[in-house]
file target-v8.pdb (PDB, C-alpha atoms)
ATOM      1  CA  MET C 332      89.106  90.426 119.450  1.00  0.00           C
ATOM      2  CA  GLY C 333      90.544  92.408 122.322  1.00  0.00           C
ATOM      3  CA  ASP C 334      90.892  96.147 122.865  1.00  0.00           C
ATOM      4  CA  SER C 335      94.386  97.336 121.961  1.00  0.00           C
ATOM      5  CA  ASP C 336      93.690 100.719 123.567  1.00  0.00           C
ATOM      6  CA  LYS C 337      93.734  99.013 126.975  1.00  0.00           C
ATOM      7  CA  ILE C 338      97.099  97.266 126.743  1.00  0.00           C
ATOM      8  CA  GLU C 339     100.016  98.637 128.716  1.00  0.00           C
ATOM      9  CA  VAL C 340     103.786  98.414 128.540  1.00  0.00           C
ATOM     10  CA  GLY C 341     104.850  95.280 130.407  1.00  0.00           C
ATOM     11  CA  ASP C 342     101.745  93.221 129.556  1.00  0.00           C
ATOM     12  CA  PHE C 343     102.547  89.634 128.583  1.00  0.00           C
ATOM     13  CA  VAL C 344     101.757  88.695 124.977  1.00  0.00           C
ATOM     14  CA  VAL C 345     102.010  85.686 122.669  1.00  0.00           C
ATOM     15  CA  ALA C 346     102.881  85.827 118.954  1.00  0.00           C
ATOM     16  CA  ILE C 347     101.609  83.160 116.563  1.00  0.00           C
ATOM     17  CA  GLY C 348     102.815  82.583 113.014  1.00  0.00           C
ATOM     18  CA  ASN C 349     104.896  80.552 110.578  1.00  0.00           C
ATOM     19  CA  PRO C 350     108.484  81.844 110.952  1.00  0.00           C
ATOM     20  CA  PHE C 351     110.761  80.455 108.240  1.00  0.00           C
ATOM     21  CA  GLY C 352     107.929  78.124 107.211  1.00  0.00           C
ATOM     22  CA  LEU C 353     107.601  76.474 110.632  1.00  0.00           C
ATOM     23  CA  ASP C 354     103.830  76.250 110.856  1.00  0.00           C
ATOM     24  CA  GLN C 355     101.911  77.188 114.003  1.00  0.00           C
ATOM     25  CA  THR C 356     104.858  78.513 115.983  1.00  0.00           C
ATOM     26  CA  VAL C 357     104.096  80.258 119.271  1.00  0.00           C
ATOM     27  CA  THR C 358     106.485  82.656 121.020  1.00  0.00           C
ATOM     28  CA  SER C 359     106.013  84.780 124.125  1.00  0.00           C
ATOM     29  CA  GLY C 360     107.193  88.118 125.447  1.00  0.00           C
ATOM     30  CA  ILE C 361     105.922  91.432 126.731  1.00  0.00           C
ATOM     31  CA  VAL C 362     104.703  94.712 125.301  1.00  0.00           C
ATOM     32  CA  SER C 363     107.914  96.734 125.113  1.00  0.00           C
ATOM     33  CA  ALA C 364     106.441 100.057 123.949  1.00  0.00           C
ATOM     34  CA  LEU C 365     103.324 101.601 122.434  1.00  0.00           C
ATOM     35  CA  GLY C 366     102.718 104.121 119.684  1.00  0.00           C
ATOM     36  CA  ARG C 367     105.914 103.447 117.747  1.00  0.00           C
ATOM     37  CA  THR C 368     106.206 105.509 114.547  1.00  0.00           C
ATOM     38  CA  GLY C 369     108.854 106.453 112.006  1.00  0.00           C
ATOM     39  CA  LEU C 370     109.569 102.923 110.774  1.00  0.00           C
ATOM     40  CA  GLY C 371     108.720 103.838 107.197  1.00  0.00           C
ATOM     41  CA  LYS C 372     106.578 100.747 106.738  1.00  0.00           C
ATOM     42  CA  GLN C 373     103.367 102.602 105.930  1.00  0.00           C
ATOM     43  CA  GLY C 374     101.926 106.091 105.948  1.00  0.00           C
ATOM     44  CA  TYR C 375      99.937 105.684 109.150  1.00  0.00           C
ATOM     45  CA  GLU C 376     101.910 104.089 111.986  1.00  0.00           C
ATOM     46  CA  ASP C 377     101.023 103.350 115.611  1.00  0.00           C
ATOM     47  CA  PHE C 378     102.831 100.088 116.250  1.00  0.00           C
ATOM     48  CA  ILE C 379     102.908  97.912 119.340  1.00  0.00           C
ATOM     49  CA  GLN C 380     106.526  96.971 120.051  1.00  0.00           C
ATOM     50  CA  THR C 381     107.171  93.534 121.568  1.00  0.00           C
ATOM     51  CA  ASP C 382     110.116  91.312 122.406  1.00  0.00           C
ATOM     52  CA  ALA C 383     108.165  88.155 121.556  1.00  0.00           C
ATOM     53  CA  SER C 384     110.172  86.495 118.777  1.00  0.00           C
ATOM     54  CA  ILE C 385     108.897  87.632 115.388  1.00  0.00           C
ATOM     55  CA  ASN C 386     110.728  86.475 112.275  1.00  0.00           C
ATOM     56  CA  PRO C 387     110.095  86.318 108.507  1.00  0.00           C
ATOM     57  CA  GLY C 388     106.873  84.360 108.144  1.00  0.00           C
ATOM     58  CA  ASN C 389     105.221  85.808 111.230  1.00  0.00           C
ATOM     59  CA  SER C 390     103.739  88.761 109.340  1.00  0.00           C
ATOM     60  CA  GLY C 391      99.954  88.628 109.378  1.00  0.00           C
ATOM     61  CA  GLY C 392      99.954  86.368 112.407  1.00  0.00           C
ATOM     62  CA  ALA C 393      98.214  87.074 115.688  1.00  0.00           C
ATOM     63  CA  LEU C 394      99.560  88.888 118.720  1.00  0.00           C
ATOM     64  CA  ILE C 395      97.344  87.900 121.640  1.00  0.00           C
ATOM     65  CA  ASN C 396      97.160  88.618 125.346  1.00  0.00           C
ATOM     66  CA  LEU C 397      97.065  85.935 128.038  1.00  0.00           C
ATOM     67  CA  ARG C 398      93.262  85.881 127.867  1.00  0.00           C
ATOM     68  CA  GLY C 399      93.468  84.676 124.283  1.00  0.00           C
ATOM     69  CA  GLN C 400      92.260  88.004 122.887  1.00  0.00           C
ATOM     70  CA  LEU C 401      93.637  89.295 119.599  1.00  0.00           C
ATOM     71  CA  ILE C 402      95.341  92.657 120.250  1.00  0.00           C
ATOM     72  CA  GLY C 403      97.603  93.049 117.206  1.00  0.00           C
ATOM     73  CA  ILE C 404      98.705  91.796 113.786  1.00  0.00           C
ATOM     74  CA  ASN C 405     102.424  90.974 113.591  1.00  0.00           C
ATOM     75  CA  THR C 406     103.966  93.149 110.916  1.00  0.00           C
ATOM     76  CA  ALA C 407     107.682  93.961 111.076  1.00  0.00           C
ATOM     77  CA  ILE C 408     110.977  93.606 112.922  1.00  0.00           C
ATOM     78  CA  ILE C 409     114.223  95.503 113.274  1.00  0.00           C
ATOM     79  CA  SER C 410     116.802  92.937 112.223  1.00  0.00           C
ATOM     80  CA  PRO C 411     120.349  94.070 111.393  1.00  0.00           C
ATOM     81  CA  GLY C 412     121.439  90.464 110.822  1.00  0.00           C
ATOM     82  CA  GLY C 413     118.234  89.049 109.331  1.00  0.00           C
ATOM     83  CA  GLY C 414     116.968  87.310 112.473  1.00  0.00           C
ATOM     84  CA  ASN C 415     115.080  88.266 115.581  1.00  0.00           C
ATOM     85  CA  VAL C 416     116.833  90.569 118.046  1.00  0.00           C
ATOM     86  CA  GLY C 417     113.867  91.139 120.328  1.00  0.00           C
ATOM     87  CA  ILE C 418     112.394  94.163 118.554  1.00  0.00           C
ATOM     88  CA  GLY C 419     109.185  93.304 116.741  1.00  0.00           C
ATOM     89  CA  PHE C 420     106.115  95.322 115.807  1.00  0.00           C
ATOM     90  CA  ALA C 421     102.400  94.668 115.445  1.00  0.00           C
ATOM     91  CA  VAL C 422      99.529  96.779 114.116  1.00  0.00           C
ATOM     92  CA  PRO C 423      97.056  97.412 116.978  1.00  0.00           C
ATOM     93  CA  ILE C 424      93.873  95.450 116.423  1.00  0.00           C
ATOM     94  CA  ASN C 425      91.694  98.543 116.894  1.00  0.00           C
ATOM     95  CA  MET C 426      93.422 100.165 113.923  1.00  0.00           C
ATOM     96  CA  ALA C 427      93.169  96.975 111.850  1.00  0.00           C
ATOM     97  CA  ARG C 428      89.485  96.626 112.730  1.00  0.00           C
ATOM     98  CA  ARG C 429      88.685 100.179 111.606  1.00  0.00           C
ATOM     99  CA  VAL C 430      90.467  99.571 108.300  1.00  0.00           C
ATOM    100  CA  MET C 431      88.606  96.272 107.884  1.00  0.00           C
ATOM    101  CA  ASP C 432      85.222  97.891 108.520  1.00  0.00           C
ATOM    102  CA  GLN C 433      85.885 100.527 105.849  1.00  0.00           C
ATOM    103  CA  LEU C 434      87.072  97.936 103.326  1.00  0.00           C
ATOM    104  CA  VAL C 435      83.904  95.915 103.881  1.00  0.00           C
ATOM    105  CA  GLN C 436      81.638  98.963 103.631  1.00  0.00           C
ATOM    106  CA  TYR C 437      83.320 100.959 100.866  1.00  0.00           C
ATOM    107  CA  GLY C 438      85.849  98.653  99.211  1.00  0.00           C
ATOM    108  CA  GLU C 439      88.560 101.166 100.144  1.00  0.00           C
ATOM    109  CA  VAL C 440      89.881 103.119 103.107  1.00  0.00           C
ATOM    110  CA  ARG C 441      88.416 106.618 103.274  1.00  0.00           C
ATOM    111  CA  ARG C 442      90.622 108.789 105.452  1.00  0.00           C
ATOM    112  CA  GLY C 443      88.991 111.511 107.480  1.00  0.00           C
ATOM    113  CA  GLN C 444      90.298 114.950 108.413  1.00  0.00           C
ATOM    114  CA  ILE C 445      89.159 118.020 110.305  1.00  0.00           C
ATOM    115  CA  GLY C 446      91.408 120.611 108.645  1.00  0.00           C
ATOM    116  CA  ILE C 447      94.372 121.058 110.975  1.00  0.00           C
ATOM    117  CA  SER C 448      98.119 120.568 110.810  1.00  0.00           C
ATOM    118  CA  ILE C 449      99.571 118.993 113.939  1.00  0.00           C
ATOM    119  CA  ARG C 450     102.974 118.365 115.433  1.00  0.00           C
ATOM    120  CA  ASP C 451     104.511 116.919 118.563  1.00  0.00           C
ATOM    121  CA  LEU C 452     104.959 119.131 121.598  1.00  0.00           C
ATOM    122  CA  GLY C 453     107.963 121.421 121.759  1.00  0.00           C
ATOM    123  CA  ALA C 454     110.744 120.774 124.244  1.00  0.00           C
ATOM    124  CA  ASP C 455     109.306 123.272 126.740  1.00  0.00           C
ATOM    125  CA  LEU C 456     106.041 121.349 127.083  1.00  0.00           C
ATOM    126  CA  ALA C 457     107.406 117.842 126.506  1.00  0.00           C
ATOM    127  CA  SER C 458     109.852 118.337 129.389  1.00  0.00           C
ATOM    128  CA  LYS C 459     107.010 118.762 131.891  1.00  0.00           C
ATOM    129  CA  GLU C 460     106.580 115.573 133.890  1.00  0.00           C
ATOM    130  CA  GLY C 461     103.550 113.620 132.723  1.00  0.00           C
ATOM    131  CA  TYR C 462     102.552 116.246 130.136  1.00  0.00           C
ATOM    132  CA  GLN C 463     101.318 114.762 126.860  1.00  0.00           C
ATOM    133  CA  GLY C 464      99.371 115.862 123.824  1.00  0.00           C
ATOM    134  CA  ALA C 465      99.696 117.132 120.265  1.00  0.00           C
ATOM    135  CA  LEU C 466     100.020 120.754 119.202  1.00  0.00           C
ATOM    136  CA  ILE C 467      97.704 122.267 116.597  1.00  0.00           C
ATOM    137  CA  GLY C 468      99.727 124.301 114.104  1.00  0.00           C
ATOM    138  CA  GLU C 469      97.502 125.702 111.371  1.00  0.00           C
ATOM    139  CA  VAL C 470      93.727 125.560 110.951  1.00  0.00           C
ATOM    140  CA  ALA C 471      92.372 125.565 107.395  1.00  0.00           C
ATOM    141  CA  GLY C 472      89.804 128.221 106.543  1.00  0.00           C
ATOM    142  CA  GLY C 473      86.261 126.894 106.343  1.00  0.00           C
ATOM    143  CA  SER C 474      87.291 123.538 107.828  1.00  0.00           C
ATOM    144  CA  PRO C 475      85.384 121.658 110.533  1.00  0.00           C
ATOM    145  CA  ALA C 476      88.162 122.614 112.958  1.00  0.00           C
ATOM    146  CA  GLU C 477      87.715 126.321 112.261  1.00  0.00           C
ATOM    147  CA  LYS C 478      83.960 126.035 112.670  1.00  0.00           C
ATOM    148  CA  ALA C 479      84.561 124.374 116.054  1.00  0.00           C
ATOM    149  CA  GLY C 480      86.781 127.276 117.113  1.00  0.00           C
ATOM    150  CA  LEU C 481      90.083 125.398 117.256  1.00  0.00           C
ATOM    151  CA  LYS C 482      93.272 127.460 117.211  1.00  0.00           C
ATOM    152  CA  GLY C 483      96.888 126.846 118.196  1.00  0.00           C
ATOM    153  CA  ASP C 484      95.846 124.638 121.083  1.00  0.00           C
ATOM    154  CA  VAL C 485      97.118 121.392 122.589  1.00  0.00           C
ATOM    155  CA  VAL C 486      94.904 118.348 122.004  1.00  0.00           C
ATOM    156  CA  LYS C 487      94.965 116.312 125.200  1.00  0.00           C
ATOM    157  CA  ALA C 488      92.435 113.578 124.402  1.00  0.00           C
ATOM    158  CA  VAL C 489      90.148 112.263 121.663  1.00  0.00           C
ATOM    159  CA  ASP C 490      86.894 110.587 122.714  1.00  0.00           C
ATOM    160  CA  GLY C 491      88.349 110.214 126.191  1.00  0.00           C
ATOM    161  CA  MET C 492      91.605 108.627 125.023  1.00  0.00           C
ATOM    162  CA  PRO C 493      94.769 110.458 126.142  1.00  0.00           C
ATOM    163  CA  ILE C 494      96.938 111.642 123.236  1.00  0.00           C
ATOM    164  CA  ARG C 495     100.658 110.798 123.374  1.00  0.00           C
ATOM    165  CA  SER C 496     101.779 112.173 120.015  1.00  0.00           C
ATOM    166  CA  ALA C 497     100.767 113.885 116.787  1.00  0.00           C
ATOM    167  CA  ALA C 498     100.946 110.546 114.958  1.00  0.00           C
ATOM    168  CA  GLN C 499      98.427 108.979 117.335  1.00  0.00           C
ATOM    169  CA  LEU C 500      96.032 111.912 116.913  1.00  0.00           C
ATOM    170  CA  ARG C 501      96.398 111.716 113.133  1.00  0.00           C
ATOM    171  CA  ASN C 502      95.599 107.993 113.140  1.00  0.00           C
ATOM    172  CA  LEU C 503      92.514 108.373 115.309  1.00  0.00           C
ATOM    173  CA  ILE C 504      91.008 111.132 113.193  1.00  0.00           C
ATOM    174  CA  SER C 505      91.884 109.532 109.868  1.00  0.00           C
ATOM    175  CA  LEU C 506      90.034 106.314 110.703  1.00  0.00           C
ATOM    176  CA  THR C 507      86.937 107.952 112.177  1.00  0.00           C
ATOM    177  CA  PRO C 508      83.940 107.312 109.871  1.00  0.00           C
ATOM    178  CA  LEU C 509      83.212 110.243 107.575  1.00  0.00           C
ATOM    179  CA  GLY C 510      80.407 112.366 108.928  1.00  0.00           C
ATOM    180  CA  GLY C 511      81.100 111.157 112.454  1.00  0.00           C
ATOM    181  CA  ARG C 512      82.284 113.416 115.235  1.00  0.00           C
ATOM    182  CA  VAL C 513      85.302 113.393 117.499  1.00  0.00           C
ATOM    183  CA  GLU C 514      85.189 114.825 120.987  1.00  0.00           C
ATOM    184  CA  LEU C 515      88.443 116.665 121.609  1.00  0.00           C
ATOM    185  CA  ARG C 516      89.746 117.768 124.986  1.00  0.00           C
ATOM    186  CA  ILE C 517      91.698 120.950 124.343  1.00  0.00           C
ATOM    187  CA  GLU C 518      94.085 122.968 126.480  1.00  0.00           C
ATOM    188  CA  CYS C 519      94.524 126.650 125.634  1.00  0.00           C
ATOM    189  CA  ASN C 520      96.539 129.018 127.816  1.00  0.00           C
ATOM    190  CA  GLY C 521      96.172 126.670 130.759  1.00  0.00           C
ATOM    191  CA  ALA C 522      92.396 126.332 130.460  1.00  0.00           C
ATOM    192  CA  VAL C 523      90.882 123.000 129.413  1.00  0.00           C
ATOM    193  CA  HIS C 524      87.676 122.720 127.396  1.00  0.00           C
ATOM    194  CA  SER C 525      85.949 120.293 125.041  1.00  0.00           C
ATOM    195  CA  ALA C 526      85.121 120.617 121.353  1.00  0.00           C
ATOM    196  CA  SER C 527      82.963 118.398 119.164  1.00  0.00           C
ATOM    197  CA  VAL C 528      84.273 118.355 115.586  1.00  0.00           C
ATOM    198  CA  GLU C 529      82.764 116.696 112.518  1.00  0.00           C
ATOM    199  CA  VAL C 530      85.144 114.554 110.452  1.00  0.00           C
ATOM    200  CA  GLY C 531      85.174 115.293 106.733  1.00  0.00           C
ATOM    201  CA  SER C 532      86.753 113.609 103.727  1.00  0.00           C
ATOM    202  CA  ALA C 533      90.506 113.961 103.401  1.00  0.00           C
ATOM    203  CA  ARG C 534      91.889 115.893 100.481  1.00  0.00           C
ATOM    204  CA  ALA C 535      94.257 114.348  97.985  1.00  0.00           C
ATOM    205  CA  PRO C 536      97.312 112.911  99.823  1.00  0.00           C
ATOM    206  CA  ALA C 537      99.264 115.790 101.271  1.00  0.00           C
ATOM    207  CA  ARG C 538     103.024 116.109 101.247  1.00  0.00           C
ATOM    208  CA  ARG C 539     102.962 117.189 104.871  1.00  0.00           C
ATOM    209  CA  THR C 540     102.282 113.929 106.630  1.00  0.00           C
ATOM    210  CA  ALA C 541     101.153 115.634 109.824  1.00  0.00           C
ATOM    211  CA  ASP C 542      98.192 117.363 108.154  1.00  0.00           C
ATOM    212  CA  GLN C 543      94.919 116.226 109.676  1.00  0.00           C
TER     213      GLN C 543
END
call {"tool": "encode", "arguments": {"input": "target-v8.pdb", "output": "structure tokens"}}
result
Amino acid sequence: MGDSDKIEVGDFVVAIGNPFGLDQTVTSGIVSALGRTGLGKQGYEDFIQTDASINPGNSGGALINLRGQLIGINTAIISPGGGNVGIGFAVPINMARRVMDQLVQYGEVRRGQIGISIRDLGADLASKEGYQGALIGEVAGGSPAEKAGLKGDVVKAVDGMPIRSAAQLRNLISLTPLGGRVELRIECNGAVHSASVEVGSARAPARRTADQ
């Protein structure tokens, strides 16, 4: 297995699968984009987008880098006419691995949360060149986030990983083992500081998908 957190847009990749029943088909392309969401395929999305040909029958197949390392699981395509148009998606292997570990240990996926609602940056912040992160909206009373002193801050990184969007932050927290801790890098009124927050058990599925 590779490390899907280290791939970059433009990296060459190879997709392996059985499109239309053609066993052991290999196609090549590049990583077109990272962190794709909003496809409506599942509740937690952080897809790798690739132009390597992915067609019906490729789902569940490997997306590998040129070192032969598994970096994703081919999952979906955008296909107005039913065939490949160069827009395919794979689940990052780091996300798949975390799900696998929980299934092996618990027999189910146990989502974590720290008691915050999050959203993408507003236009004023998003327009700043190179500025990324996710904005904390509300903090639940008595939650791990409140105990850590979090407020309406911008989360810039989790465990050293830069945050691009609210969806990415949500995914990282939700798949952190319960009882574990996440190290958040927070920006508040221009000042940057760190906060260590314990991850608790998620409540019943919330209607607000950005709750974390």
call {"tool": "resolve_selection", "arguments": {"input": "target-v8.pdb", "expression": "the PyMOL selection byres ((chain C and resi 391) around 8)", "output": "PyMOL selection string"}}
result
chain C and resi 348+389-390+392-393+404-406
call {"tool": "closest_residue", "arguments": {"input": "target-v8.pdb", "among": "C:Asp377, C:Gly472, C:Ser363, C:Leu397", "to": "C:Val345", "atoms": "all atoms listed in the file"}}
result
C:Leu397
call {"tool": "residues_around", "arguments": {"input": "target-v8.pdb", "residues": "stretch 407-409 of chain C", "least_positions_apart": "6", "cutoff": "9 Å", "atoms": "all atoms listed in the file", "output": "list of chain:residue names"}}
result
C:Lys372, C:Ile385, C:Asn386, C:Pro387, C:Asn389, C:Ser390, C:Asn415, C:Val416, C:Gly417, C:Ile418, C:Gly419, C:Phe420, C:Ala421
call {"tool": "closest_residue", "arguments": {"input": "target-v8.pdb", "among": "C:Pro411, C:Gly443, C:Gly453, C:Gly468", "to": "C:Leu509", "atoms": "all atoms listed in the file"}}
result
C:Gly443
call {"tool": "resolve_selection", "arguments": {"input": "target-v8.pdb", "expression": "the PyMOL selection byres ((chain C and resi 335) around 9)", "output": "compact mmCIF listing (two decimals) with C-alpha atoms, in the coordinates of the input"}}
result
# COMPACT_ATOMS: atom_id res chain seq x y z
CA GLY C 333 90.54 92.41 122.32
CA ASP C 334 90.89 96.15 122.86
CA ASP C 336 93.69 100.72 123.57
CA LYS C 337 93.73 99.01 126.98
CA ILE C 338 97.10 97.27 126.74
CA GLU C 339 100.02 98.64 128.72
CA ILE C 379 102.91 97.91 119.34
CA LEU C 401 93.64 89.30 119.60
CA ILE C 402 95.34 92.66 120.25
CA GLY C 403 97.60 93.05 117.21
CA PRO C 423 97.06 97.41 116.98
CA ILE C 424 93.87 95.45 116.42
CA ASN C 425 91.69 98.54 116.89
CA MET C 426 93.42 100.16 113.92
call {"tool": "atom_distance", "arguments": {"input": "target-v8.pdb", "atom1": "atom CA of C:Val440", "atom2": "atom CA of C:Gly399"}}
result
28.3 Å
call {"tool": "residues_near_point", "arguments": {"input": "target-v8.pdb", "point": "(102.1, 129.9, 118.1)", "cutoff": "12 Å", "atoms": "all atoms listed in the file", "output": "PyMOL selection string"}}
result
chain C and resi 449-450+452-453+466-470+482-485+519-520
call {"tool": "closest_atom_pairs", "arguments": {"input": "target-v8.pdb", "of": "stretch 354-456 of chain C", "to": "stretch 486-502 of chain C", "cutoff": "12 Å", "atoms": "only C-alpha atoms", "output": "tab-separated table"}}
result
residue	atom	partner	partner_atom	distance
C:Leu365	CA	C:Arg495	CA	9.6
C:Gly366	CA	C:Gln499	CA	6.9
C:Arg367	CA	C:Ala498	CA	9.1
C:Thr368	CA	C:Ala498	CA	7.3
C:Gly369	CA	C:Ala498	CA	9.4
C:Gln373	CA	C:Asn502	CA	11.9
C:Gly374	CA	C:Asn502	CA	9.8
C:Tyr375	CA	C:Asn502	CA	6.3
C:Glu376	CA	C:Ala498	CA	7.2
C:Asp377	CA	C:Gln499	CA	6.4
C:Phe378	CA	C:Gln499	CA	10.0
C:Val422	CA	C:Asn502	CA	11.9
C:Pro423	CA	C:Asn502	CA	11.3
C:Asn425	CA	C:Asn502	CA	10.9
C:Met426	CA	C:Asn502	CA	8.2
C:Ala427	CA	C:Asn502	CA	11.4
C:Arg429	CA	C:Asn502	CA	10.5
C:Val430	CA	C:Asn502	CA	11.0
C:Arg442	CA	C:Asn502	CA	9.2
C:Gly443	CA	C:Arg501	CA	9.3
C:Gln444	CA	C:Arg501	CA	8.4
C:Ile445	CA	C:Arg501	CA	10.0
C:Gly446	CA	C:Arg501	CA	11.1
C:Ile447	CA	C:Arg501	CA	9.8
C:Ser448	CA	C:Arg501	CA	9.3
C:Ile449	CA	C:Ala497	CA	6.0
C:Arg450	CA	C:Ala497	CA	5.2
C:Asp451	CA	C:Ala497	CA	5.1
C:Leu452	CA	C:Ser496	CA	7.8
C:Gly453	CA	C:Ser496	CA	11.3
call {"tool": "axis_aligned_box", "arguments": {"input": "target-v8.pdb", "around": "stretch 414-423 of chain C", "padding_each_side": "8 Å", "output": "JSON"}}
result
{"center_x": 107.0, "center_y": 92.4, "center_z": 116.4, "size_x": 35.9, "size_y": 26.1, "size_z": 23.9}
call {"tool": "closest_residue", "arguments": {"input": "target-v8.pdb", "among": "C:Val357, C:Ala465, C:Asp382, C:Leu370", "to": "C:Asp342", "atoms": "only C-alpha atoms"}}
result
C:Asp382
call {"tool": "atom_distance", "arguments": {"input": "target-v8.pdb", "atom1": "atom CA of C:Pro508", "atom2": "atom CA of C:Gln400"}}
result
24.7 Å
call {"tool": "residues_around", "arguments": {"input": "target-v8.pdb", "residues": "C:Ser527", "least_positions_apart": "5", "cutoff": "8 Å", "atoms": "all atoms listed in the file", "output": "ChimeraX atom specification"}}
result
/C:479,512-515
call {"tool": "write_last_selection", "arguments": {"input": "target-v8.pdb", "atoms": "C-alpha atoms", "output": "short mmCIF file (atom, residue, chain, number, x, y, z; two decimals), in the coordinates of the input"}}
result
data_model
loop_
_atom_site.label_atom_id
_atom_site.label_comp_id
_atom_site.auth_asym_id
_atom_site.auth_seq_id
_atom_site.Cartn_x
_atom_site.Cartn_y
_atom_site.Cartn_z
CA ALA C 479 84.56 124.37 116.05
CA ARG C 512 82.28 113.42 115.24
CA VAL C 513 85.30 113.39 117.50
CA GLU C 514 85.19 114.82 120.99
CA LEU C 515 88.44 116.66 121.61
#
call {"tool": "atom_distance", "arguments": {"input": "target-v8.pdb", "atom1": "atom CA of C:Asn396", "atom2": "atom CA of C:Val362"}}
result
9.7 Å
call {"tool": "resolve_selection", "arguments": {"input": "target-v8.pdb", "expression": "the PyMOL selection byres ((chain C and resi 343) around 6)", "output": "list in words"}}
result
Asp342, Val344, Gly360 and Ile361 of chain C
call {"tool": "closest_residue", "arguments": {"input": "target-v8.pdb", "among": "C:Ile347, C:Val340, C:Met332, C:Leu434", "to": "C:Gly388", "atoms": "all atoms listed in the file"}}
result
C:Ile347
call {"tool": "residues_near_point", "arguments": {"input": "target-v8.pdb", "point": "(85.3, 119.3, 102.5)", "cutoff": "9 Å", "atoms": "all atoms listed in the file", "output": "PDB file with C-alpha atoms, in the frame of the given file"}}
result
ATOM      1  CA  GLN C 444      90.298 114.950 108.413  1.00  0.00           C
ATOM      2  CA  ILE C 445      89.159 118.020 110.305  1.00  0.00           C
ATOM      3  CA  GLY C 446      91.408 120.611 108.645  1.00  0.00           C
ATOM      4  CA  GLY C 473      86.261 126.894 106.343  1.00  0.00           C
ATOM      5  CA  SER C 474      87.291 123.538 107.828  1.00  0.00           C
ATOM      6  CA  PRO C 475      85.384 121.658 110.533  1.00  0.00           C
ATOM      7  CA  GLY C 531      85.174 115.293 106.733  1.00  0.00           C
ATOM      8  CA  SER C 532      86.753 113.609 103.727  1.00  0.00           C
ATOM      9  CA  ALA C 533      90.506 113.961 103.401  1.00  0.00           C
ATOM     10  CA  ARG C 534      91.889 115.893 100.481  1.00  0.00           C
TER      11      ARG C 534
END
call {"tool": "closest_residue", "arguments": {"input": "target-v8.pdb", "among": "C:Leu394, C:Ala471, C:Ala346, C:Leu506", "to": "C:Glu439", "atoms": "only C-alpha atoms"}}
result
C:Leu506
